[in-house]
$ cat query_26.cif   # mmCIF, C-alpha atoms and all ligand atoms
data_entry
loop_
_atom_site.label_atom_id
_atom_site.label_comp_id
_atom_site.auth_asym_id
_atom_site.auth_seq_id
_atom_site.Cartn_x
_atom_site.Cartn_y
_atom_site.Cartn_z
CA MET A 1 152.87 18.14 57.92
CA LYS A 2 155.51 16.26 59.89
CA ILE A 3 157.30 12.96 59.37
CA PRO A 4 156.05 10.21 61.73
CA GLU A 5 157.57 10.41 65.20
CA LEU A 6 158.97 6.88 64.95
CA LEU A 7 160.91 7.87 61.83
CA GLU A 8 162.16 11.10 63.41
CA ASN A 9 163.37 9.14 66.46
CA ALA A 10 165.02 6.47 64.30
CA ILE A 11 166.94 9.15 62.37
CA GLU A 12 167.94 11.00 65.54
CA GLU A 13 169.25 7.81 67.11
CA LYS A 14 171.77 7.48 64.26
CA LEU A 15 173.23 10.85 65.18
CA ASN A 16 174.75 9.32 68.31
CA HIS A 17 177.22 7.50 66.07
CA VAL A 18 178.54 10.39 63.93
CA LYS A 19 180.22 13.76 64.37
CA LEU A 20 177.83 16.57 63.54
CA THR A 21 180.55 18.72 61.92
CA GLU A 22 181.50 15.85 59.60
CA LEU A 23 177.84 15.16 58.79
CA LYS A 24 177.34 18.84 57.91
CA GLN A 25 180.23 18.74 55.45
CA TYR A 26 178.80 15.67 53.72
CA ALA A 27 175.35 17.23 53.70
CA SER A 28 176.49 20.37 51.93
CA LYS A 29 178.49 18.37 49.33
CA LEU A 30 175.46 16.16 48.74
CA SER A 31 173.17 19.18 48.26
CA GLU A 32 175.54 20.50 45.59
CA LYS A 33 175.63 17.12 43.84
CA TYR A 34 171.83 16.89 43.78
CA MET A 35 171.55 20.43 42.47
CA TYR A 36 174.29 20.54 39.87
CA GLN A 37 175.58 17.07 38.93
CA GLU A 38 174.60 15.88 35.48
CA ARG A 39 172.42 12.76 35.63
CA THR A 40 174.38 10.03 33.89
CA GLY A 41 172.76 7.11 35.70
CA ASP A 42 175.83 6.79 37.96
CA THR A 43 175.53 6.59 41.71
CA LEU A 44 175.13 9.91 43.55
CA LEU A 45 176.01 8.57 47.00
CA ASN A 46 177.48 5.37 48.38
CA THR A 47 178.77 5.86 51.92
CA GLU A 48 176.87 5.43 55.20
CA ILE A 49 177.39 9.03 56.23
CA GLU A 50 176.07 10.31 52.88
CA ALA A 51 173.00 8.09 53.21
CA LEU A 52 172.39 9.50 56.70
CA ALA A 53 172.84 13.07 55.43
CA TYR A 54 170.33 12.27 52.64
CA SER A 55 167.81 10.91 55.08
CA ILE A 56 167.98 13.98 57.32
CA MET A 57 167.88 16.51 54.50
CA ARG A 58 165.51 14.90 52.05
CA MET A 59 163.29 12.32 53.76
CA PRO A 60 160.83 14.87 55.24
CA ALA A 61 160.30 16.54 51.85
CA THR A 62 160.01 13.33 49.83
CA TYR A 63 157.74 11.82 52.52
CA GLY A 64 155.45 14.86 52.26
CA ALA A 65 155.43 14.76 48.46
CA VAL A 66 154.54 11.06 48.29
CA TYR A 67 151.93 11.42 51.05
CA THR A 68 150.21 14.27 49.20
CA ALA A 69 150.41 12.69 45.73
CA LEU A 70 149.07 9.37 47.02
CA LYS A 71 146.27 11.11 48.93
CA HIS A 72 145.20 12.92 45.75
CA THR A 73 145.39 9.62 43.84
CA LEU A 74 143.27 7.74 46.38
CA GLU A 75 140.57 10.44 46.12
CA ARG A 76 140.09 9.26 42.52
CA ILE A 77 139.92 5.49 42.83
CA ASN A 78 137.50 3.15 44.48
CA PHE A 79 139.26 -0.16 44.83
CA ASN A 80 141.44 -1.56 47.60
CA ILE A 81 145.17 -1.53 47.11
CA GLN A 82 146.56 -4.66 48.72
CA SER A 83 150.17 -4.75 47.56
CA VAL A 84 152.83 -2.15 46.75
CA LEU A 85 156.29 -1.95 45.16
CA ASP A 86 158.52 1.00 46.11
CA ILE A 87 161.16 1.27 43.39
CA GLY A 88 164.37 3.22 44.06
CA ALA A 89 163.16 3.26 47.65
CA GLY A 90 166.25 5.07 48.96
CA THR A 91 165.93 5.15 52.74
CA GLY A 92 162.21 4.37 52.57
CA SER A 93 160.31 7.65 52.78
CA ALA A 94 157.65 6.63 50.22
CA THR A 95 156.90 3.46 52.17
CA TRP A 96 156.53 5.44 55.43
CA ALA A 97 153.99 7.66 53.65
CA ILE A 98 152.19 4.66 52.10
CA ASN A 99 151.97 3.12 55.56
CA GLU A 100 150.06 6.19 56.80
CA LEU A 101 147.49 6.01 54.00
CA LEU A 102 147.02 2.33 53.09
CA ASP A 103 146.13 -0.65 55.18
CA THR A 104 148.62 -3.16 53.81
CA LYS A 105 151.88 -4.65 54.98
CA ASN A 106 152.48 -6.22 51.59
CA ILE A 107 155.08 -3.66 50.48
CA GLN A 108 158.39 -4.49 48.81
CA CYS A 109 161.21 -1.96 48.61
CA PHE A 110 163.76 -2.18 45.79
CA GLU A 111 166.99 -0.18 45.84
CA ARG A 112 170.36 -0.12 44.06
CA GLU A 113 172.61 1.42 46.74
CA SER A 114 173.30 -0.95 49.63
CA VAL A 115 173.99 1.92 52.08
CA MET A 116 170.54 3.41 51.37
CA LEU A 117 168.88 -0.01 51.56
CA GLU A 118 170.51 -0.89 54.91
CA LEU A 119 169.68 2.49 56.46
CA GLY A 120 166.08 2.36 55.22
CA LYS A 121 165.68 -1.14 56.62
CA SER A 122 167.16 -0.07 59.94
CA PHE A 123 164.72 2.91 60.23
CA MET A 124 161.78 0.59 59.51
CA SER A 125 162.92 -1.89 62.17
CA GLN A 126 161.79 0.78 64.70
CA ASN A 127 158.19 0.66 63.46
CA PRO A 128 156.16 -2.48 64.34
CA ASN A 129 154.09 -1.98 61.18
CA LEU A 130 157.09 -1.77 58.88
CA LYS A 131 159.69 -3.99 60.53
CA ASP A 132 158.91 -6.97 58.28
CA ILE A 133 158.82 -5.06 54.98
CA SER A 134 161.01 -6.82 52.44
CA TRP A 135 163.98 -4.94 50.98
CA LYS A 136 165.72 -6.19 47.87
CA TYR A 137 168.74 -5.09 45.91
CA MET A 138 167.79 -4.19 42.34
CA ASP A 139 169.01 -1.98 39.53
CA ILE A 140 165.86 -1.06 37.60
CA VAL A 141 167.92 -0.29 34.48
CA LYS A 142 169.82 -3.57 34.32
CA ASP A 143 167.63 -6.09 36.13
CA ASN A 144 164.25 -7.57 35.32
CA LEU A 145 161.51 -6.58 37.71
CA GLU A 146 159.79 -9.89 38.35
CA ALA A 147 157.55 -8.72 41.21
CA LYS A 148 154.02 -7.40 40.62
CA ALA A 149 151.72 -5.37 42.86
CA ASP A 150 148.50 -3.36 42.80
CA LEU A 151 150.39 -0.10 43.22
CA VAL A 152 153.89 0.67 41.96
CA VAL A 153 155.47 3.83 43.36
CA THR A 154 158.72 5.52 42.48
CA SER A 155 159.67 8.82 44.03
CA TYR A 156 162.49 11.12 42.95
CA MET A 157 164.19 8.30 41.03
CA LEU A 158 163.33 8.82 37.38
CA ASN A 159 165.54 11.92 37.20
CA GLU A 160 168.52 9.77 38.22
CA ILE A 161 168.06 7.49 35.22
CA LYS A 162 170.02 8.17 32.03
CA PRO A 163 167.56 9.90 29.63
CA GLU A 164 167.96 7.19 26.95
CA LYS A 165 167.04 4.47 29.48
CA ARG A 166 164.02 6.27 30.94
CA LYS A 167 161.42 4.91 28.54
CA ASP A 168 162.47 1.30 29.27
CA VAL A 169 162.29 1.99 33.00
CA ILE A 170 158.81 3.55 32.72
CA ASN A 171 157.63 0.51 30.76
CA LYS A 172 159.06 -1.82 33.43
CA LEU A 173 157.14 0.09 36.11
CA ILE A 174 153.93 -0.15 34.06
CA LYS A 175 154.41 -3.88 33.46
CA SER A 176 154.90 -4.60 37.16
CA SER A 177 151.64 -2.93 38.21
CA ASN A 178 148.27 -4.67 38.44
CA HIS A 179 146.39 -1.36 38.71
CA ILE A 180 148.14 1.93 39.51
CA ILE A 181 151.55 3.48 38.87
CA LEU A 182 152.45 6.60 40.84
CA ILE A 183 155.54 8.56 39.83
CA ILE A 184 156.77 11.56 41.79
CA GLU A 185 159.56 13.88 40.66
CA PRO A 186 161.05 17.19 41.84
CA GLY A 187 158.74 20.13 41.06
CA THR A 188 161.18 21.61 38.55
CA PRO A 189 161.00 22.00 34.75
CA GLU A 190 163.22 18.87 34.42
CA GLY A 191 161.12 16.85 36.88
CA PHE A 192 157.93 17.88 35.09
CA SER A 193 159.36 16.98 31.70
CA ASN A 194 159.95 13.42 33.03
CA ILE A 195 156.32 13.38 34.19
CA LYS A 196 155.22 14.50 30.72
CA GLU A 197 157.21 11.60 29.24
CA VAL A 198 155.22 9.21 31.49
CA GLN A 199 151.98 10.93 30.46
CA LYS A 200 152.82 10.49 26.75
CA ILE A 201 153.60 6.78 27.20
CA ALA A 202 150.39 6.32 29.21
CA ILE A 203 148.24 7.93 26.52
CA GLU A 204 149.99 6.05 23.70
CA THR A 205 149.53 2.70 25.43
CA GLY A 206 145.88 3.26 26.31
CA LEU A 207 146.34 3.72 30.06
CA ASN A 208 144.24 6.17 32.05
CA ILE A 209 145.37 9.23 33.95
CA VAL A 210 144.12 9.30 37.54
CA ALA A 211 145.77 12.44 38.96
CA PRO A 212 146.62 15.29 38.97
CA CYS A 213 145.28 15.90 35.41
CA THR A 214 141.56 16.51 35.02
CA PHE A 215 141.38 15.11 31.48
CA GLN A 216 142.86 12.26 29.43
CA GLY A 217 145.42 13.79 27.12
CA ILE A 218 148.75 15.50 26.70
CA CYS A 219 149.41 18.44 29.00
CA PRO A 220 148.82 21.74 27.18
CA LEU A 221 151.14 23.78 29.43
CA PRO A 222 153.72 25.68 27.37
CA ASP A 223 157.35 24.47 27.62
CA GLU A 224 158.37 27.34 29.90
CA ASP A 225 155.70 26.42 32.48
CA TRP A 226 155.45 23.36 34.67
CA CYS A 227 152.73 21.78 36.77
CA HIS A 228 153.63 21.18 40.40
CA SER A 229 152.14 20.86 43.84
CA ILE A 230 153.57 22.12 47.12
CA VAL A 231 153.71 20.56 50.56
CA ARG A 232 154.82 22.40 53.69
CA MET A 233 156.89 20.24 56.05
CA GLU A 234 157.84 21.00 59.62
CA ARG A 235 161.62 20.96 59.97
CA THR A 236 163.20 18.64 62.49
CA LYS A 237 165.88 20.11 64.78
CA VAL A 238 168.71 18.38 62.98
CA HIS A 239 167.32 19.35 59.56
CA LYS A 240 167.62 23.00 60.60
CA VAL A 241 171.20 22.45 61.72
CA LEU A 242 172.30 20.63 58.55
CA LYS A 243 170.65 23.15 56.27
CA ASN A 244 171.67 26.22 58.34
CA ALA A 245 167.99 27.14 58.25
CA ASP A 246 166.04 29.49 60.53
CA LEU A 247 162.52 28.87 59.28
CA PRO A 248 160.66 26.11 61.17
CA TYR A 249 159.32 24.69 57.90
CA GLU A 250 160.29 24.02 54.28
CA ASP A 251 158.08 24.06 51.19
CA GLU A 252 158.66 21.14 48.85
CA LYS A 253 157.61 21.51 45.23
CA PHE A 254 156.91 18.27 43.41
CA SER A 255 155.39 17.05 40.15
CA TYR A 256 153.63 13.72 39.89
CA ILE A 257 151.38 11.54 37.82
CA ALA A 258 149.21 8.58 38.72
CA ILE A 259 148.11 6.32 35.88
CA ALA A 260 145.84 3.29 35.95
CA LYS A 261 145.07 0.24 33.88
CA GLU A 262 141.34 0.75 34.59
CA LYS A 263 139.17 3.60 33.33
CA CYS A 264 138.69 6.30 35.93
CA ASP A 265 136.76 9.52 36.27
CA ASN A 266 139.22 12.38 36.50
CA SER A 267 136.84 15.23 35.77
CA GLY A 268 136.80 18.42 37.84
CA MET A 269 139.43 21.12 38.15
CA ARG A 270 142.90 21.09 39.67
CA VAL A 271 144.25 24.22 41.39
CA LEU A 272 147.59 24.98 39.72
CA ARG A 273 148.92 27.88 41.81
CA HIS A 274 148.42 29.36 45.27
CA PRO A 275 145.03 31.12 44.99
CA MET A 276 145.38 34.90 44.78
CA ILE A 277 143.25 36.40 47.52
CA GLU A 278 142.34 40.08 47.25
CA LYS A 279 139.68 42.10 49.03
CA GLY A 280 136.38 40.39 48.23
CA LYS A 281 137.84 38.39 45.32
CA ILE A 282 139.76 35.13 44.85
CA THR A 283 141.45 34.18 41.58
CA LEU A 284 142.33 30.53 41.12
CA LYS A 285 144.43 29.29 38.21
CA VAL A 286 142.94 25.90 37.41
CA CYS A 287 143.40 23.07 34.94
CA HIS A 288 139.97 22.23 33.58
CA ASN A 289 139.36 19.76 30.75
CA GLY A 290 142.88 20.22 29.43
CA LYS A 291 142.74 24.03 29.48
CA MET A 292 144.24 26.55 31.87
CA GLU A 293 141.55 28.86 33.18
CA ASP A 294 141.27 31.64 35.73
CA MET A 295 138.37 31.00 38.05
CA ILE A 296 137.20 34.17 39.78
CA VAL A 297 135.05 33.95 42.88
CA THR A 298 133.67 37.05 44.59
CA LYS A 299 132.31 37.54 48.08
CA LYS A 300 128.81 37.83 46.62
CA ASP A 301 128.78 34.04 46.50
CA LYS A 302 129.37 33.57 50.24
CA GLU A 303 129.52 29.75 50.48
CA LEU A 304 131.71 29.37 47.41
CA PHE A 305 134.02 32.15 48.58
CA LYS A 306 134.49 30.44 51.94
CA MET A 307 135.21 27.12 50.25
CA MET A 308 137.71 28.54 47.76
CA LYS A 309 139.57 30.52 50.42
CA LYS A 310 140.70 27.20 51.88
CA LYS A 311 141.91 25.72 48.58
CA LYS A 312 145.61 25.06 48.17
CA CYS A 313 147.82 24.57 45.14
CA GLY A 314 147.41 20.99 43.88
CA GLU A 315 143.93 20.43 45.32
CA LEU A 316 140.91 19.28 43.40
CA ILE A 317 137.68 21.18 42.82
CA LEU A 318 134.83 18.82 42.14
CA ASP A 319 131.35 19.59 40.98
CA CYS A 320 132.34 22.51 38.73
CA LYS A 321 128.73 23.51 38.02
CA THR A 322 128.05 24.58 41.57
CA GLU A 323 131.52 25.91 42.22
CA MET A 324 132.06 28.03 39.06
C1 LIG B 1 166.70 10.83 45.31
S1 LIG B 1 166.68 9.21 45.89
C2 LIG B 1 164.96 8.99 46.28
C3 LIG B 1 164.77 7.95 47.32
C4 LIG B 1 163.33 7.77 47.80
N1 LIG B 1 162.50 7.20 46.79
C5 LIG B 1 162.78 9.08 48.28
O1 LIG B 1 161.79 9.56 47.69
O2 LIG B 1 163.32 9.65 49.23
C6 LIG B 1 166.78 8.23 44.44
C7 LIG B 1 167.01 6.78 44.76
O3 LIG B 1 166.89 6.03 43.55
C8 LIG B 1 167.90 5.05 43.56
N2 LIG B 1 168.21 4.67 42.17
C9 LIG B 1 168.78 5.43 41.21
N3 LIG B 1 168.95 4.71 40.09
C10 LIG B 1 168.46 3.48 40.36
C11 LIG B 1 168.38 2.28 39.60
N4 LIG B 1 168.86 2.22 38.35
N5 LIG B 1 167.82 1.18 40.17
C12 LIG B 1 167.35 1.24 41.45
N6 LIG B 1 167.44 2.33 42.22
C13 LIG B 1 167.99 3.43 41.69
C14 LIG B 1 169.08 5.75 44.22
O4 LIG B 1 170.03 4.83 44.69
C15 LIG B 1 168.39 6.51 45.32
O5 LIG B 1 168.30 5.78 46.50
#
$ encode --input "query_26.cif" --output "structure tokens"
Amino acid sequence: MKIPELLENAIEEKLNHVKLTELKQYASKLSEKYMYQERTGDTLLNTEIEALAYSIMRMPATYGAVYTALKHTLERINFNIQSVLDIGAGTGSATWAINELLDTKNIQCFERESVMLELGKSFMSQNPNLKDISWKYMDIVKDNLEAKADLVVTSYMLNEIKPEKRKDVINKLIKSSNHIILIIEPGTPEGFSNIKEVQKIAIETGLNIVAPCTFQGICPLPDEDWCHSIVRMERTKVHKVLKNADLPYEDEKFSYIAIAKEKCDNSGMRVLRHPMIEKGKITLKVCHNGKMEDMIVTKKDKELFKMMKKKKCGELILDCKTEM
């Protein structure tokens, strides 16, 4: 997958106004902060050059994660989403992904850091579909969220909230949604534990899980394991330079949960790992009805074998009876 060309061009245009060597220094400091700094709820970046470094290094991956999580969510629901809130929108990657999958211009972005907000707005001004999207300053911890929408999305934000404030924030997100709440986090044990916190609140408050889980309940994965999906993103030229990378792509691991106010059918099986393909045999680790199972498919079942060979980590297997 690739970020939309209009976004790539908008990011590249900004490079005309900075020194690449300086940008690289900020990028490497920012990487360290994101990897090692304790999350106290304080700001992680607040200068224009840091926001630009963030957008180059992280927007492709977060775009890909939101795109994939939303696609999996939409496979499970059958009503039209007409309005969206993007909370902790950063420089807008979730909204760019939403724009690819939903036919609505009624999207509002909320963000606490003015440098992120201004840069995100400026990228969107280059896309006729997104140029009128409304951006508002908001601190989701301190401020009331008055707006409401059919879909409320927050990507890679929950882990920046102080742990003791997280429950309040999750409840604010739930309150501001008419139908669906989609929360995406890094595909790490910490990110997944935030997702499990959302899952617990959803179950306790009688909400319904849409994706990725294939049952309504608390995740049975042991503490040392974590559920995540993977998306492969093509690297832009400048991404390779900032990250000193040779590979033309990066694999982003992410964890997510979509919950709904309406009942929904989330039966089936979810592929939890890259399928293991051996000669004449495929083993898929799947989540099925709240249990982890190994599904083994042999070449004897030609059609099924062909179908399962194409399955990727995070994808859904429907109609278990015919596919088992
Ligand atoms: C890692 S970035 C993710 C940005 C974007 N959602 C994405 O997926 O690329 C986290 C964003 O959440 C914002 N954020 C953190 N705490 C916030 C809060 N209390 N209220 C609003 N935004 C917040 C940060 O300023 C930052 O822009």
$ residues_near_ligand --input "query_26.cif" --ligand "ligand LIG 1 (chain B)" --cutoff "7 Å" --atoms "all atoms listed in the file" --output "PyMOL selection string"
chain A and resi 41+43+58-59+62-63+87-94+110-113+116+138-141+154-157+160-161
$ atom_distance --input "query_26.cif" --atom1 "atom CA of Lys167 of chain A" --atom2 "atom CA of Glu197 of chain A"
7.9 Å
$ residues_around --input "query_26.cif" --residues "Thr283 of chain A" --least-positions-apart "2" --cutoff "7 Å" --atoms "only C-alpha atoms" --output "ChimeraX atom specification"
/A:275-277,281,285,294-297
$ residues_around --input "query_26.cif" --residues "Ser176 of chain A" --least-positions-apart "6" --cutoff "8 Å" --atoms "only C-alpha atoms" --output "list of chain:residue names"
A:Leu145, A:Glu146, A:Ala147, A:Lys148, A:Ala149, A:Val152
$ atom_distance --input "query_26.cif" --atom1 "atom CA of Ala53 of chain A" --atom2 "atom CA of Leu23 of chain A"
6.4 Å
$ closest_residue --input "query_26.cif" --among "A:Val153, A:Ile174, A:Cys313, A:Cys227" --to "Pro189 of chain A" --atoms "all atoms listed in the file"
A:Cys227
$ atom_distance --input "query_26.cif" --atom1 "atom CA of His179 of chain A" --atom2 "atom CA of Asn78 of chain A"
11.5 Å
$ closest_residue --input "query_26.cif" --among "A:Met308, A:Leu70, A:Ala27, A:Met292" --to "Gly280 of chain A" --atoms "all atoms listed in the file"
A:Met308
$ axis_aligned_box --input "query_26.cif" --around "segment 167-179 of chain A" --padding-each-side "4 Å" --output "AutoDock Vina command-line options"
--center_x 154.4 --center_y 0.1 --center_z 33.6 --size_x 24.1 --size_y 17.6 --size_z 18.2
$ residues_around --input "query_26.cif" --residues "Ser125 of chain A" --least-positions-apart "5" --cutoff "12 Å" --atoms "all atoms listed in the file" --output "ChimeraX atom specification"
/A:6-7,9-11,92,96,118-120,130-135
$ write_last_selection --input "query_26.cif" --atoms "C-alpha atoms" --output "tab-separated table (two decimals), in the frame of the given file"
chain	number	residue	atom	x	y	z
A	6	LEU	CA	158.97	6.88	64.95
A	7	LEU	CA	160.91	7.87	61.83
A	9	ASN	CA	163.37	9.14	66.46
A	10	ALA	CA	165.02	6.47	64.30
A	11	ILE	CA	166.94	9.15	62.37
A	92	GLY	CA	162.21	4.37	52.57
A	96	TRP	CA	156.53	5.44	55.43
A	118	GLU	CA	170.51	-0.89	54.91
A	119	LEU	CA	169.68	2.49	56.46
A	120	GLY	CA	166.08	2.36	55.22
A	130	LEU	CA	157.09	-1.77	58.88
A	131	LYS	CA	159.69	-3.99	60.53
A	132	ASP	CA	158.91	-6.97	58.28
A	133	ILE	CA	158.82	-5.06	54.98
A	134	SER	CA	161.01	-6.82	52.44
A	135	TRP	CA	163.98	-4.94	50.98
